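Next up, data38.pdb (PDB, C-alpha atoms, pLDDT in the B column):
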MODEL        1
ATOM      1  CA  MET A   1       6.548 -64.833 -23.992  1.00 76.00           C
ATOM      2  CA  ILE A   2       6.212 -61.322 -22.573  1.00 80.00           C
ATOM      3  CA  TYR A   3       7.624 -60.430 -19.165  1.00 78.00           C
ATOM      4  CA  TYR A   4       6.495 -57.434 -17.187  1.00 80.00           C
ATOM      5  CA  PHE A   5       8.801 -56.076 -14.523  1.00 85.00           C
ATOM      6  CA  GLN A   6       7.503 -53.753 -11.874  1.00 89.00           C
ATOM      7  CA  PRO A   7       9.927 -51.483 -10.046  1.00 92.00           C
ATOM      8  CA  THR A   8      10.141 -51.619  -6.274  1.00 95.00           C
ATOM      9  CA  VAL A   9      12.445 -48.606  -5.846  1.00 96.00           C
ATOM     10  CA  LEU A  10      12.049 -45.137  -7.374  1.00 95.00           C
ATOM     11  CA  PHE A  11      14.889 -42.614  -7.649  1.00 97.00           C
ATOM     12  CA  VAL A  12      13.267 -39.204  -8.169  1.00 97.00           C
ATOM     13  CA  VAL A  13      13.697 -35.455  -7.773  1.00 97.00           C
ATOM     14  CA  PRO A  14      11.066 -33.502  -5.819  1.00 97.00           C
ATOM     15  CA  SER A  15       9.336 -32.204  -8.970  1.00 97.00           C
ATOM     16  CA  LEU A  16       8.792 -35.761 -10.218  1.00 97.00           C
ATOM     17  CA  LEU A  17       7.543 -36.816  -6.789  1.00 97.00           C
ATOM     18  CA  LEU A  18       5.081 -33.912  -6.930  1.00 97.00           C
ATOM     19  CA  PHE A  19       3.915 -35.048 -10.384  1.00 97.00           C
ATOM     20  CA  LEU A  20       3.373 -38.616  -9.194  1.00 97.00           C
ATOM     21  CA  ALA A  21       1.556 -37.421  -6.069  1.00 96.00           C
ATOM     22  CA  SER A  22      -0.743 -34.919  -7.745  1.00 97.00           C
ATOM     23  CA  HIS A  23      -1.435 -35.886 -11.361  1.00 97.00           C
ATOM     24  CA  PRO A  24      -4.868 -37.523 -11.711  1.00 96.00           C
ATOM     25  CA  ALA A  25      -3.676 -39.915 -14.433  1.00 96.00           C
ATOM     26  CA  VAL A  26      -1.230 -41.541 -11.984  1.00 95.00           C
ATOM     27  CA  THR A  27      -3.182 -43.937  -9.788  1.00 94.00           C
ATOM     28  CA  LYS A  28      -2.225 -46.028  -6.780  1.00 93.00           C
ATOM     29  CA  GLN A  29      -2.385 -49.084  -9.053  1.00 93.00           C
ATOM     30  CA  HIS A  30       0.465 -47.607 -11.115  1.00 93.00           C
ATOM     31  CA  LEU A  31       2.514 -47.291  -7.927  1.00 94.00           C
ATOM     32  CA  SER A  32       1.454 -50.547  -6.277  1.00 93.00           C
ATOM     33  CA  SER A  33       4.849 -52.271  -6.568  1.00 94.00           C
ATOM     34  CA  ILE A  34       6.804 -49.378  -5.028  1.00 94.00           C
ATOM     35  CA  GLU A  35       8.386 -50.163  -1.656  1.00 95.00           C
ATOM     36  CA  LYS A  36      11.050 -47.445  -1.414  1.00 97.00           C
ATOM     37  CA  VAL A  37      11.543 -43.948  -2.781  1.00 97.00           C
ATOM     38  CA  VAL A  38      14.861 -42.126  -2.841  1.00 97.00           C
ATOM     39  CA  CYS A  39      14.491 -38.415  -3.463  1.00 96.00           C
ATOM     40  CA  GLY A  40      17.534 -36.315  -4.291  1.00 95.00           C
ATOM     41  CA  ALA A  41      18.896 -33.137  -5.912  1.00 94.00           C
ATOM     42  CA  ALA A  42      16.808 -30.938  -3.587  1.00 94.00           C
ATOM     43  CA  PRO A  43      14.918 -31.389  -0.333  1.00 94.00           C
ATOM     44  CA  ALA A  44      11.353 -32.656  -0.494  1.00 95.00           C
ATOM     45  CA  THR A  45       8.945 -31.176   2.012  1.00 96.00           C
ATOM     46  CA  LYS A  46       7.166 -33.302   4.587  1.00 96.00           C
ATOM     47  CA  ASN A  47       3.869 -32.211   3.019  1.00 97.00           C
ATOM     48  CA  LEU A  48       4.969 -33.540  -0.384  1.00 97.00           C
ATOM     49  CA  ILE A  49       6.130 -36.849   1.072  1.00 96.00           C
ATOM     50  CA  ASP A  50       2.876 -37.227   3.006  1.00 96.00           C
ATOM     51  CA  LYS A  51       0.867 -36.452  -0.138  1.00 97.00           C
ATOM     52  CA  PHE A  52       2.734 -39.163  -2.066  1.00 96.00           C
ATOM     53  CA  ILE A  53       2.313 -41.742   0.718  1.00 96.00           C
ATOM     54  CA  PHE A  54      -1.401 -40.898   0.918  1.00 96.00           C
ATOM     55  CA  LYS A  55      -1.766 -41.515  -2.828  1.00 96.00           C
ATOM     56  CA  VAL A  56       0.137 -44.806  -2.697  1.00 95.00           C
ATOM     57  CA  ASP A  57      -2.037 -45.814   0.273  1.00 94.00           C
ATOM     58  CA  LYS A  58       0.536 -48.053   1.938  1.00 93.00           C
ATOM     59  CA  ASP A  59       3.528 -47.716   4.224  1.00 92.00           C
ATOM     60  CA  ILE A  60       6.634 -47.114   2.101  1.00 94.00           C
ATOM     61  CA  SER A  61      10.112 -45.865   2.894  1.00 95.00           C
ATOM     62  CA  VAL A  62      10.943 -42.386   1.565  1.00 95.00           C
ATOM     63  CA  ARG A  63      14.584 -41.361   1.935  1.00 96.00           C
ATOM     64  CA  GLN A  64      16.344 -38.183   0.908  1.00 94.00           C
ATOM     65  CA  GLY A  65      19.890 -37.803  -0.261  1.00 88.00           C
TER      66      GLY A  65
ENDMDL
END

As structure tokens, what does this structure read like?
Amino acid sequence: MIYYFQPTVLFVVPSLLLFLASHPAVTKQHLSSIEKVVCGAAPATKNLIDKFIFKVDKDISVRQG
């Protein structure tokens, strides 16, 4: 039997968040299970966060630390 686990929380740096938000190969279906994002190591701009939320197309929590 094969189990597939989908993450609900992502821990990323701003450059990875930018990749997920802007790369055409990453679709909202790939990110459909995400409920929370924690971004660290450097500040993420509001524009970047908005771009990611627009791509995911649902209300998710994005925190910075």

Mind dumping a table of every region 4-37 of chain A residue within 7 Å of region 49-60 of chain A, with the nearest atom pair and its distance in Å to one decimal, using only C-alpha atoms, sorted by chain and rising number, as a Markdown table?
| residue | atom | partner | partner_atom | distance |
| --- | --- | --- | --- | --- |
| A:Ala21 | CA | A:Phe52 | CA | 4.5 |
| A:Lys28 | CA | A:Val56 | CA | 4.9 |
| A:Leu31 | CA | A:Val56 | CA | 6.3 |
| A:Ser32 | CA | A:Val56 | CA | 6.9 |
| A:Glu35 | CA | A:Ile60 | CA | 5.1 |
| A:Lys36 | CA | A:Ile60 | CA | 5.7 |

Self-check item: Of the listed residues A:Ala25, A:Leu48, A:Val62, A:Val37, that which approaches Val9 (chain A) most closely, counting only C-alpha atoms
Solution: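 Answer, going by the shortest atom-to-atom distance: A:Val37.
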
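Minimum atom-to-atom distance to Leu17 (chain A), evaluated using all atoms listed in the file, belongs to A:Ala44 out of A:Ile2, A:Ala44, A:Gln29, A:Ile34.
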
Practice problem: Any chance you could resolve the PyMOL selection byres ((chain A and resi 14-16) around 10) against this file and give the residues as a VMD selection string? | Solution: chain A and resid 11 to 13 17 to 22 38 to 45 48 to 49 64

Exercise. Point out the residue among A:Leu10, A:Ser33, A:Phe5, A:His23 with the least atom-to-atom distance to Arg63 (chain A), counting only C-alpha atoms.
Key: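 Answer, going by the shortest atom-to-atom distance: A:Leu10.
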
Centre and edges of the region 1-5 of chain A box, axis-aligned, 8 Å extra per side, as AutoDock Vina command-line options:
--center_x 7.5 --center_y -60.5 --center_z -19.3 --size_x 18.6 --size_y 24.8 --size_z 25.5
